[in-house]
Structure formats: structure tokens, C-alpha cells
file structure_30.pdb (PDB, C-alpha atoms)
ATOM      1  CA  MET A   1      30.761   2.862 -35.298
ATOM      2  CA  ALA A   2      27.590   4.765 -36.175
ATOM      3  CA  GLY A   3      24.590   4.112 -33.963
ATOM      4  CA  PRO A   4      20.915   4.056 -34.939
ATOM      5  CA  PRO A   5      19.309   7.415 -35.761
ATOM      6  CA  TRP A   6      17.217   7.372 -32.605
ATOM      7  CA  ILE A   7      20.311   7.635 -30.402
ATOM      8  CA  ASP A   8      22.156  10.967 -30.303
ATOM      9  CA  ALA A   9      24.732  11.214 -27.523
ATOM     10  CA  THR A  10      25.462  14.879 -28.359
ATOM     11  CA  ARG A  11      22.141  15.829 -26.746
ATOM     12  CA  GLN A  12      23.754  15.234 -23.371
ATOM     13  CA  LEU A  13      26.099  18.175 -23.942
ATOM     14  CA  GLY A  14      23.246  20.668 -23.635
ATOM     15  CA  ILE A  15      22.053  19.632 -20.182
ATOM     16  CA  GLU A  16      22.795  22.168 -17.461
ATOM     17  CA  PRO A  17      24.154  20.116 -14.545
ATOM     18  CA  ARG A  18      22.872  20.474 -11.007
ATOM     19  CA  ASP A  19      24.462  19.473  -7.735
ATOM     20  CA  GLY A  20      23.272  15.969  -6.924
ATOM     21  CA  ASP A  21      22.660  14.824 -10.498
ATOM     22  CA  ILE A  22      23.234  11.112 -11.068
ATOM     23  CA  TRP A  23      24.216   9.566 -14.398
ATOM     24  CA  ILE A  24      23.494   5.863 -14.856
ATOM     25  CA  SER A  25      25.859   4.868 -17.644
ATOM     26  CA  VAL A  26      25.346   1.343 -18.986
ATOM     27  CA  PRO A  27      25.831  -0.276 -22.419
ATOM     28  CA  ALA A  28      22.853  -1.943 -24.096
ATOM     29  CA  LYS A  29      21.205  -4.891 -22.346
ATOM     30  CA  SER A  30      23.589  -4.833 -19.397
ATOM     31  CA  GLY A  31      21.253  -4.069 -16.504
ATOM     32  CA  THR A  32      20.255  -0.505 -17.396
ATOM     33  CA  ASN A  33      16.632  -0.668 -16.297
ATOM     34  CA  TRP A  34      17.574  -2.579 -13.167
ATOM     35  CA  MET A  35      19.994   0.141 -12.070
ATOM     36  CA  MET A  36      17.578   2.891 -13.098
ATOM     37  CA  ASN A  37      14.993   1.297 -10.830
ATOM     38  CA  ILE A  38      17.499   0.807  -8.003
ATOM     39  CA  VAL A  39      18.458   4.484  -8.091
ATOM     40  CA  HIS A  40      14.840   5.627  -8.326
ATOM     41  CA  GLN A  41      13.800   3.440  -5.413
ATOM     42  CA  LEU A  42      16.662   4.739  -3.279
ATOM     43  CA  LEU A  43      15.890   8.358  -4.154
ATOM     44  CA  SER A  44      12.165   7.915  -3.472
ATOM     45  CA  GLY A  45      12.384   5.660  -0.419
ATOM     46  CA  GLY A  46      10.331   3.058  -2.278
ATOM     47  CA  ASP A  47       7.891   3.901  -5.085
ATOM     48  CA  GLY A  48       5.779   1.368  -6.926
ATOM     49  CA  ASP A  49       3.360   3.846  -8.469
ATOM     50  CA  PHE A  50       5.393   5.285 -11.363
ATOM     51  CA  ASP A  51       3.926   4.531 -14.789
ATOM     52  CA  SER A  52       7.234   4.429 -16.672
ATOM     53  CA  ILE A  53      10.807   4.272 -15.439
ATOM     54  CA  TYR A  54      11.622   6.714 -18.235
ATOM     55  CA  ARG A  55       9.403   9.365 -16.693
ATOM     56  CA  VAL A  56      11.288   9.308 -13.383
ATOM     57  CA  VAL A  57      14.743   8.563 -14.889
ATOM     58  CA  PRO A  58      14.871  10.304 -18.293
ATOM     59  CA  TRP A  59      17.019   9.135 -21.219
ATOM     60  CA  PRO A  60      18.304  12.359 -22.824
ATOM     61  CA  GLU A  61      20.157  10.769 -25.775
ATOM     62  CA  PHE A  62      17.027   9.007 -27.047
ATOM     63  CA  VAL A  63      15.445  10.889 -29.953
ATOM     64  CA  GLU A  64      11.716  10.454 -29.489
ATOM     65  CA  ARG A  65      10.747  11.142 -33.099
ATOM     66  CA  PRO A  66      12.515  12.083 -36.345
ATOM     67  CA  GLY A  67      13.357  15.769 -36.440
ATOM     68  CA  GLN A  68      12.837  16.347 -32.724
ATOM     69  CA  PRO A  69      14.897  19.371 -31.632
ATOM     70  CA  ALA A  70      17.269  18.762 -28.750
ATOM     71  CA  LYS A  71      16.019  21.976 -27.162
ATOM     72  CA  GLU A  72      12.666  20.311 -26.479
ATOM     73  CA  VAL A  73      14.341  17.667 -24.327
ATOM     74  CA  HIS A  74      16.673  20.150 -22.631
ATOM     75  CA  GLU A  75      13.738  22.361 -21.621
ATOM     76  CA  ARG A  76      11.866  19.366 -20.231
ATOM     77  CA  LEU A  77      14.854  18.348 -18.121
ATOM     78  CA  ALA A  78      15.413  21.917 -16.936
ATOM     79  CA  ALA A  79      11.801  22.001 -15.734
ATOM     80  CA  MET A  80      12.298  19.011 -13.415
ATOM     81  CA  PRO A  81      11.777  19.959  -9.731
ATOM     82  CA  ARG A  82      14.817  21.535  -8.111
ATOM     83  CA  ASP A  83      14.033  20.140  -4.675
ATOM     84  CA  LYS A  84      14.710  16.577  -5.830
ATOM     85  CA  ARG A  85      17.846  14.955  -7.230
ATOM     86  CA  ARG A  86      17.723  14.024 -10.892
ATOM     87  CA  ALA A  87      18.901  10.735 -12.355
ATOM     88  CA  PHE A  88      19.526  10.138 -16.060
ATOM     89  CA  LYS A  89      20.139   7.092 -18.210
ATOM     90  CA  SER A  90      22.880   6.961 -20.832
ATOM     91  CA  HIS A  91      24.370   4.273 -23.052
ATOM     92  CA  ALA A  92      27.402   6.510 -23.658
ATOM     93  CA  ALA A  93      30.769   6.720 -21.934
ATOM     94  CA  PRO A  94      33.287   9.578 -21.851
ATOM     95  CA  PRO A  95      33.996  11.575 -23.906
ATOM     96  CA  GLU A  96      30.493  11.295 -25.431
ATOM     97  CA  LEU A  97      29.041  11.470 -21.935
ATOM     98  CA  PRO A  98      30.444  14.625 -20.315
ATOM     99  CA  PHE A  99      32.403  13.754 -17.176
ATOM    100  CA  VAL A 100      32.883  16.237 -14.317
ATOM    101  CA  LYS A 101      35.600  15.303 -11.830
ATOM    102  CA  ALA A 102      34.800  15.486  -8.145
ATOM    103  CA  GLY A 103      35.731  18.859  -6.691
ATOM    104  CA  SER A 104      35.940  20.620 -10.039
ATOM    105  CA  GLY A 105      32.456  22.089 -10.276
ATOM    106  CA  LYS A 106      29.041  20.561  -9.801
ATOM    107  CA  ASP A 107      28.639  17.577  -7.498
ATOM    108  CA  LEU A 108      27.775  14.855 -10.013
ATOM    109  CA  LYS A 109      27.744  11.092  -9.489
ATOM    110  CA  TYR A 110      28.253   8.394 -12.114
ATOM    111  CA  ILE A 111      27.139   4.777 -11.741
ATOM    112  CA  VAL A 112      28.701   2.543 -14.393
ATOM    113  CA  VAL A 113      27.293  -0.949 -14.919
ATOM    114  CA  CYS A 114      28.689  -3.646 -17.214
ATOM    115  CA  ARG A 115      27.791  -7.235 -18.028
ATOM    116  CA  ASN A 116      29.496 -10.193 -19.672
ATOM    117  CA  PRO A 117      29.310  -9.135 -23.352
ATOM    118  CA  GLU A 118      28.260 -12.613 -24.455
ATOM    119  CA  GLU A 119      25.108 -12.266 -22.350
ATOM    120  CA  SER A 120      24.528  -8.661 -23.394
ATOM    121  CA  LEU A 121      24.852  -9.424 -27.085
ATOM    122  CA  VAL A 122      22.399 -12.329 -27.186
ATOM    123  CA  SER A 123      19.928 -10.180 -25.247
ATOM    124  CA  PHE A 124      20.554  -7.274 -27.632
ATOM    125  CA  LYS A 125      19.651  -9.443 -30.618
ATOM    126  CA  LEU A 126      16.307 -10.375 -29.066
ATOM    127  CA  PHE A 127      15.753  -6.771 -27.998
ATOM    128  CA  LEU A 128      16.096  -5.536 -31.589
ATOM    129  CA  ASP A 129      13.721  -8.287 -32.735
ATOM    130  CA  LEU A 130      11.079  -6.935 -30.353
ATOM    131  CA  HIS A 131      11.119  -3.371 -31.623
ATOM    132  CA  THR A 132       7.729  -2.751 -33.206
ATOM    133  CA  ASP A 133       7.164  -2.528 -36.952
ATOM    134  CA  ALA A 134       5.699   0.921 -36.328
ATOM    135  CA  PHE A 135       8.936   2.122 -34.745
ATOM    136  CA  TYR A 136      11.118   0.867 -37.604
ATOM    137  CA  GLN A 137       8.686   2.485 -40.060
ATOM    138  CA  LEU A 138       8.780   5.756 -38.126
ATOM    139  CA  TRP A 139      12.528   5.902 -38.724
ATOM    140  CA  GLN A 140      12.217   4.564 -42.289
ATOM    141  CA  MET A 141      14.581   1.756 -41.411
ATOM    142  CA  PRO A 142      13.985  -1.734 -42.792
ATOM    143  CA  ARG A 143      13.694  -4.313 -40.036
ATOM    144  CA  ALA A 144      16.214  -6.418 -41.975
ATOM    145  CA  ALA A 145      18.872  -3.767 -41.361
ATOM    146  CA  MET A 146      18.962  -4.648 -37.652
ATOM    147  CA  THR A 147      17.582  -8.175 -37.281
ATOM    148  CA  ARG A 148      18.270 -11.737 -38.416
ATOM    149  CA  PRO A 149      16.467 -15.035 -37.725
ATOM    150  CA  SER A 150      19.355 -16.629 -35.814
ATOM    151  CA  PHE A 151      21.992 -15.316 -33.461
ATOM    152  CA  GLU A 152      24.816 -16.617 -35.642
ATOM    153  CA  THR A 153      23.603 -14.730 -38.721
ATOM    154  CA  PHE A 154      22.961 -11.667 -36.554
ATOM    155  CA  TYR A 155      26.536 -11.745 -35.291
ATOM    156  CA  ARG A 156      28.152 -12.412 -38.664
ATOM    157  CA  GLU A 157      25.978 -10.108 -40.797
ATOM    158  CA  VAL A 158      25.016  -7.271 -38.429
ATOM    159  CA  VAL A 159      27.366  -7.127 -35.432
ATOM    160  CA  ASP A 160      30.766  -7.900 -36.917
ATOM    161  CA  PRO A 161      30.584  -5.851 -40.150
ATOM    162  CA  ARG A 162      29.529  -2.779 -38.146
ATOM    163  CA  GLY A 163      32.044  -3.236 -35.345
ATOM    164  CA  MET A 164      29.242  -3.461 -32.809
ATOM    165  CA  GLN A 165      31.550  -5.164 -30.326
ATOM    166  CA  GLY A 166      32.435  -1.570 -29.468
ATOM    167  CA  ILE A 167      29.041  -1.143 -27.808
ATOM    168  CA  PHE A 168      30.434  -3.110 -24.883
ATOM    169  CA  PHE A 169      34.236  -3.098 -25.119
ATOM    170  CA  GLY A 170      34.481   0.502 -26.328
ATOM    171  CA  PHE A 171      32.115   1.611 -23.591
ATOM    172  CA  LEU A 172      34.367   0.188 -20.881
ATOM    173  CA  ALA A 173      37.463   1.570 -22.616
ATOM    174  CA  GLY A 174      35.931   5.033 -22.181
ATOM    175  CA  TRP A 175      35.233   4.538 -18.479
ATOM    176  CA  TRP A 176      38.172   2.394 -17.362
ATOM    177  CA  PRO A 177      40.586   5.302 -16.675
ATOM    178  CA  MET A 178      37.985   6.837 -14.313
ATOM    179  CA  ARG A 179      37.289   3.653 -12.339
ATOM    180  CA  HIS A 180      38.947   4.951  -9.147
ATOM    181  CA  GLU A 181      37.501   8.477  -9.289
ATOM    182  CA  PRO A 182      35.608   9.202  -6.045
ATOM    183  CA  ASN A 183      32.401  10.193  -7.874
ATOM    184  CA  VAL A 184      32.351   7.052 -10.043
ATOM    185  CA  LEU A 185      30.939   3.713  -8.928
ATOM    186  CA  PHE A 186      31.563   0.596 -11.028
ATOM    187  CA  MET A 187      29.039  -2.225 -10.683
ATOM    188  CA  HIS A 188      28.792  -5.538 -12.536
ATOM    189  CA  PHE A 189      25.609  -7.372 -13.479
ATOM    190  CA  THR A 190      26.985 -10.607 -12.013
ATOM    191  CA  ASP A 191      27.619  -8.933  -8.664
ATOM    192  CA  LEU A 192      24.069  -7.542  -8.678
ATOM    193  CA  LYS A 193      22.754 -11.051  -9.293
ATOM    194  CA  ASN A 194      24.926 -12.668  -6.642
ATOM    195  CA  ASP A 195      24.379 -10.083  -3.898
ATOM    196  CA  LEU A 196      21.523  -7.690  -4.611
ATOM    197  CA  GLN A 197      21.168  -6.575  -1.003
ATOM    198  CA  GLY A 198      24.870  -5.827  -0.685
ATOM    199  CA  SER A 199      24.826  -4.022  -4.025
ATOM    200  CA  LEU A 200      21.863  -1.910  -2.914
ATOM    201  CA  HIS A 201      23.714  -0.818   0.204
ATOM    202  CA  LYS A 202      26.805  -0.041  -1.864
ATOM    203  CA  VAL A 203      24.835   2.198  -4.241
ATOM    204  CA  ALA A 204      23.040   3.893  -1.339
ATOM    205  CA  ALA A 205      26.330   4.646   0.423
ATOM    206  CA  PHE A 206      27.833   5.998  -2.796
ATOM    207  CA  LEU A 207      24.863   8.335  -3.274
ATOM    208  CA  GLY A 208      24.790   9.368   0.379
ATOM    209  CA  ILE A 209      21.278   7.986   0.924
ATOM    210  CA  GLN A 210      20.242   6.428   4.237
ATOM    211  CA  PRO A 211      16.769   4.862   4.015
ATOM    212  CA  SER A 212      14.895   3.894   7.171
ATOM    213  CA  ALA A 213      14.419   0.239   8.071
ATOM    214  CA  SER A 214      10.867   0.240   6.710
ATOM    215  CA  GLN A 215      11.991   1.948   3.502
ATOM    216  CA  TRP A 216      14.702  -0.696   3.012
ATOM    217  CA  ALA A 217      12.093  -3.462   3.050
ATOM    218  CA  THR A 218      10.025  -1.667   0.408
ATOM    219  CA  ILE A 219      13.045  -0.829  -1.735
ATOM    220  CA  GLU A 220      14.317  -4.402  -1.667
ATOM    221  CA  SER A 221      10.897  -5.647  -2.763
ATOM    222  CA  TYR A 222      10.609  -3.187  -5.659
ATOM    223  CA  VAL A 223      14.081  -3.847  -7.096
ATOM    224  CA  SER A 224      13.678  -7.625  -7.185
ATOM    225  CA  PHE A 225      13.542  -9.340 -10.554
ATOM    226  CA  ASP A 226      10.175 -10.875  -9.664
ATOM    227  CA  TRP A 227       8.581  -7.478  -8.958
ATOM    228  CA  MET A 228      10.031  -5.945 -12.109
ATOM    229  CA  LYS A 229       8.833  -8.899 -14.195
ATOM    230  CA  ARG A 230       5.320  -8.641 -12.734
ATOM    231  CA  ASN A 231       5.332  -4.910 -13.520
ATOM    232  CA  GLU A 232       7.202  -5.042 -16.819
ATOM    233  CA  ALA A 233       4.909  -2.460 -18.450
ATOM    234  CA  LYS A 234       6.647   0.132 -16.264
ATOM    235  CA  PHE A 235       9.933  -0.722 -18.001
ATOM    236  CA  ASP A 236       8.751  -1.334 -21.592
ATOM    237  CA  ASN A 237       6.946   1.986 -21.835
ATOM    238  CA  LEU A 238       9.111   4.765 -23.277
ATOM    239  CA  VAL A 239       7.298   8.077 -22.893
ATOM    240  CA  ASN A 240       6.765  10.906 -25.405
ATOM    241  CA  THR A 241       7.026   8.701 -28.499
ATOM    242  CA  PRO A 242       4.401   8.828 -31.299
ATOM    243  CA  VAL A 243       4.341   5.032 -31.668
ATOM    244  CA  PRO A 244       5.156   2.157 -29.305
ATOM    245  CA  VAL A 245       8.874   1.416 -29.413
ATOM    246  CA  LEU A 246       8.785  -2.112 -28.011
ATOM    247  CA  GLU A 247       6.531  -5.104 -27.890
ATOM    248  CA  SER A 248       5.556  -6.044 -24.351
ATOM    249  CA  GLY A 249       7.964  -8.168 -22.347
ATOM    250  CA  THR A 250      11.114  -6.744 -23.921
ATOM    251  CA  MET A 251      12.978  -4.933 -21.174
ATOM    252  CA  VAL A 252      12.648  -7.472 -18.359
ATOM    253  CA  ARG A 253      13.454 -10.813 -19.907
ATOM    254  CA  LYS A 254      15.244 -13.620 -18.029
ATOM    255  CA  GLY A 255      17.455 -11.904 -15.485
ATOM    256  CA  LYS A 256      19.954 -14.754 -15.813
ATOM    257  CA  ALA A 257      23.721 -14.745 -15.826
ATOM    258  CA  GLY A 258      25.975 -17.302 -17.482
ATOM    259  CA  ALA A 259      23.407 -18.595 -19.970
ATOM    260  CA  ALA A 260      24.317 -16.918 -23.275
ATOM    261  CA  HIS A 261      24.576 -20.314 -24.971
ATOM    262  CA  GLU A 262      20.831 -20.788 -24.504
ATOM    263  CA  ASP A 263      20.227 -18.008 -27.031
ATOM    264  CA  GLY A 264      22.799 -19.022 -29.625
ATOM    265  CA  MET A 265      26.232 -17.931 -28.383
ATOM    266  CA  THR A 266      28.545 -20.732 -29.562
ATOM    267  CA  PRO A 267      32.152 -21.224 -28.403
ATOM    268  CA  GLU A 268      33.361 -20.107 -31.839
ATOM    269  CA  LEU A 269      31.359 -16.874 -31.762
ATOM    270  CA  ALA A 270      32.357 -16.247 -28.149
ATOM    271  CA  SER A 271      36.031 -16.599 -29.080
ATOM    272  CA  HIS A 272      35.635 -14.181 -31.995
ATOM    273  CA  LEU A 273      33.784 -11.681 -29.810
ATOM    274  CA  ARG A 274      36.503 -11.667 -27.169
ATOM    275  CA  ALA A 275      39.307 -11.403 -29.733
ATOM    276  CA  ALA A 276      37.618  -8.520 -31.555
ATOM    277  CA  GLY A 277      36.767  -6.792 -28.280
ATOM    278  CA  SER A 278      40.320  -7.099 -26.995
ATOM    279  CA  LEU A 279      41.485  -4.992 -29.921
ATOM    280  CA  ILE A 280      39.205  -2.230 -28.618
ATOM    281  CA  LEU A 281      39.662  -2.713 -24.875
ATOM    282  CA  THR A 282      43.380  -3.427 -24.699
ATOM    283  CA  ASP A 283      43.929  -3.737 -20.927
ATOM    284  CA  PRO A 284      43.604  -7.463 -20.043
ATOM    285  CA  ALA A 285      42.450  -6.571 -16.521
ATOM    286  CA  ALA A 286      39.612  -4.518 -17.986
ATOM    287  CA  VAL A 287      38.593  -7.353 -20.307
ATOM    288  CA  ASN A 288      38.582  -9.817 -17.423
ATOM    289  CA  TRP A 289      36.455  -7.486 -15.297
ATOM    290  CA  LEU A 290      34.007  -6.981 -18.163
ATOM    291  CA  TYR A 291      33.455 -10.721 -18.349
ATOM    292  CA  GLN A 292      33.565 -11.617 -14.663
ATOM    293  CA  GLY A 293      33.043  -8.582 -12.449
ATOM    294  CA  GLY A 294      34.566  -8.700  -8.981
ATOM    295  CA  LYS A 295      37.425  -6.522  -7.753
ATOM    296  CA  LEU A 296      38.599  -3.694  -9.987
ATOM    297  CA  GLY A 297      42.231  -3.695 -11.074
TER     298      GLY A 297
END
call {"tool": "encode", "arguments": {"input": "structure_30.pdb", "output": "C-alpha cells"}}
result
Amino acid sequence: MAGPPWIDATRQLGIEPRDGDIWISVPAKSGTNWMMNIVHQLLSGGDGDFDSIYRVVPWPEFVERPGQPAKEVHERLAAMPRDKRRAFKSHAAPPELPFVKAGSGKDLKYIVVCRNPEESLVSFKLFLDLHTDAFYQLWQMPRAAMTRPSFETFYREVVDPRGMQGIFFGFLAGWWPMRHEPNVLFMHFTDLKNDLQGSLHKVAAFLGIQPSASQWATIESYVSFDWMKRNEAKFDNLVNTPVPVLESGTMVRKGKAGAAHEDGMTPELASHLRAAGSLILTDPAAVNWLYQGGKLG
């Protein structure tokens, strides 16, 4: 499955790793910005002053303009301060995202987040709708290549012919064999929704971060859906792009779980999605976890 021209996972191969680096690996519309913010808040002890989450948690595989050399991004990442841990966003999974086992070199951490693919896919449709005309024109891509007026036509005419179920099922297939590695933490969107405080403490323990009591109060405030929604410009704003990528209000939308039907996911489409995805992600335990979260098999 070929992705859009503004995503190039091979750029991640040229990043020189440092001890303490954190990779936040999440498929599209599955809680990426939420986990980016969680990690940033834990690393900073609570920071509400950043202008864009992408400035403090870069996205190396995003091509900021046509023809941009990868070296430009690599040099920018290499220039990040060495006295602070770096965190990166990625929509890729191994082998596209290089994976370093614990004890075999640099001390890298990987946080993997997934979401019920029915929810992710309806959100993805709306996300593509809210890309600006200027951005599609920048890449000389007709809007009609990626969007449709209804979710059903989007699924049948865009998702299924291109095998885009792999965005979610293929992603987990890449990570599933590493789920018990000591430097990999699996999280599920549903678990974040049901127990944000417990999830925060789990991520902090995994990263070896121990905030003070006062820092915890600030961190918990800044990672709440309400705070992120009130400050959504911090999450819509991709930096270093010649034109705006997204209309406002795109990244932080509803924050709901279990409501895919509200945006057009019918039982028939849901059944097709799961059947097609199960041909990609063949372990039934993995499929069940993708949909429900909870304990890993």
C-alpha cells in the first residue's frame, strides 16, 4: 500500500539515535497527538507554553514540502539539545520504523498506541476532508483522490481499493511480535479514555520519570481532553510548512470511544473492515486487542 507523497518513512533511517530517545508510534487518528502531549508533559514537568506540539515532538517522516531533502530534517534533529531527551512521532511500525532491542546498543524507548479501527477510520475520513486546498495544491493532488462526501463512498472507493485497512491492521502486525520487549510499551486509546491518570503513571514509570506532586497536578491538567480542545491550535499547527496543512479544529475532535456509527460506520462496513483486516493481522488475539484494548496476549 503506497502512502501519500508527504509521508516518507525512510527518512527515519537517517536519524542518529541517542540514549533516552523516545519513539511514539501510532497509526493515523488513533491518539497520536494525545500521546505526544502526554510524553512532552512528562518530560517537561508540565508545559503549556509550546506553540506547536510538532516543535517539541518532531515528526521526521513528514515531508514538509515537495522536494525537501531528508538531510535538512536530519540536521535539524541532530541540532536538538543534548541535555534533554528527544521524543519523535511516527505512523510507521517495524521494519519501516527502525527498532533497537533493549541492551543491544542505544537506550531507546517505544510507545505504541492503537485504537479500535472503526473509530480511527471514520476520524481519518474527516481528517482528510479538513486538509486545506492549499496543501492538496502544493502536492498537486486532486482533493477527490483522497476524499468523498460520505463515509460509505470513502470506504468503498478510497479505502478498500487501496488496501488502506493496512494502516491499522498492518501497523499492529509489525509491532505485535515486540509487544513483550522491555523497551516497548503498548497502550490502547480505550484504556487512555477509561483511566487517564493510571495511564499517565504507567507511561511515566516506563520512561523512568518521577514528577513531583505539584508537577503531577499540572501534567494531569495539560493532558486532559478539555485543555487540548481549548488549545487546539497547538495541535493543528504543523511547523516548517509553506502553506497551512489543516483547517482549524482538525486534530482534537471528539475524544470519544465507541461512537464510530455516528460518523457513518455501518454494521456492514464494520464487518468488511474486520474481515479484510484479519487477512493482514492474522493472530486473533491481536485483532481482539486492536478492537478492545485491555491485557496483551
call {"tool": "resolve_selection", "arguments": {"input": "structure_30.pdb", "expression": "the PyMOL selection byres ((chain A and resi 23) around 12)", "output": "ChimeraX atom specification"}}
result
/A:12,15,17-22,24-26,32,35-36,39-40,57-60,85-94,97-100,107-113,183-185,207
call {"tool": "atom_distance", "arguments": {"input": "structure_30.pdb", "atom1": "CA of Asn37 in chain A", "atom2": "CA of Ile53 in chain A"}}
result
6.9 Å
call {"tool": "resolve_selection", "arguments": {"input": "structure_30.pdb", "expression": "the PyMOL selection byres ((chain A and resi 134-140) around 12)", "output": "ChimeraX atom specification"}}
result
/A:4-7,63-67,128-133,141-147,238,241-247
call {"tool": "closest_residue", "arguments": {"input": "structure_30.pdb", "among": "A:Ala78, A:Gly277, A:Asn194, A:Val239", "to": "Phe171 in chain A", "atoms": "all atoms listed in the file"}}
result
A:Gly277
call {"tool": "resolve_selection", "arguments": {"input": "structure_30.pdb", "expression": "the PyMOL selection byres ((chain A and resi 287) around 12)", "output": "ChimeraX atom specification"}}
result
/A:114-117,168-173,176,273-286,288-293,296-297
call {"tool": "residues_around", "arguments": {"input": "structure_30.pdb", "residues": "Tyr155 in chain A", "least_positions_apart": "6", "cutoff": "9 Å", "atoms": "only C-alpha atoms", "output": "ChimeraX atom specification"}}
result
/A:121,125,148,161,269
call {"tool": "closest_residue", "arguments": {"input": "structure_30.pdb", "among": "A:Asn240, A:Phe62, A:Glu16, A:Val122", "to": "Ala79 in chain A", "atoms": "only C-alpha atoms"}}
result
A:Glu16
call {"tool": "closest_residue", "arguments": {"input": "structure_30.pdb", "among": "A:Gly294, A:Gly174, A:Gly31, A:Pro95", "to": "Ala9 in chain A", "atoms": "all atoms listed in the file"}}
result
A:Pro95
call {"tool": "closest_residue", "arguments": {"input": "structure_30.pdb", "among": "A:Met164, A:Val73, A:Ala233, A:Ala213", "to": "Phe50 in chain A", "atoms": "all atoms listed in the file"}}
result
A:Ala233
call {"tool": "closest_residue", "arguments": {"input": "structure_30.pdb", "among": "A:Ala270, A:Met265, A:Ile209, A:Ala28", "to": "Gln41 in chain A", "atoms": "all atoms listed in the file"}}
result
A:Ile209
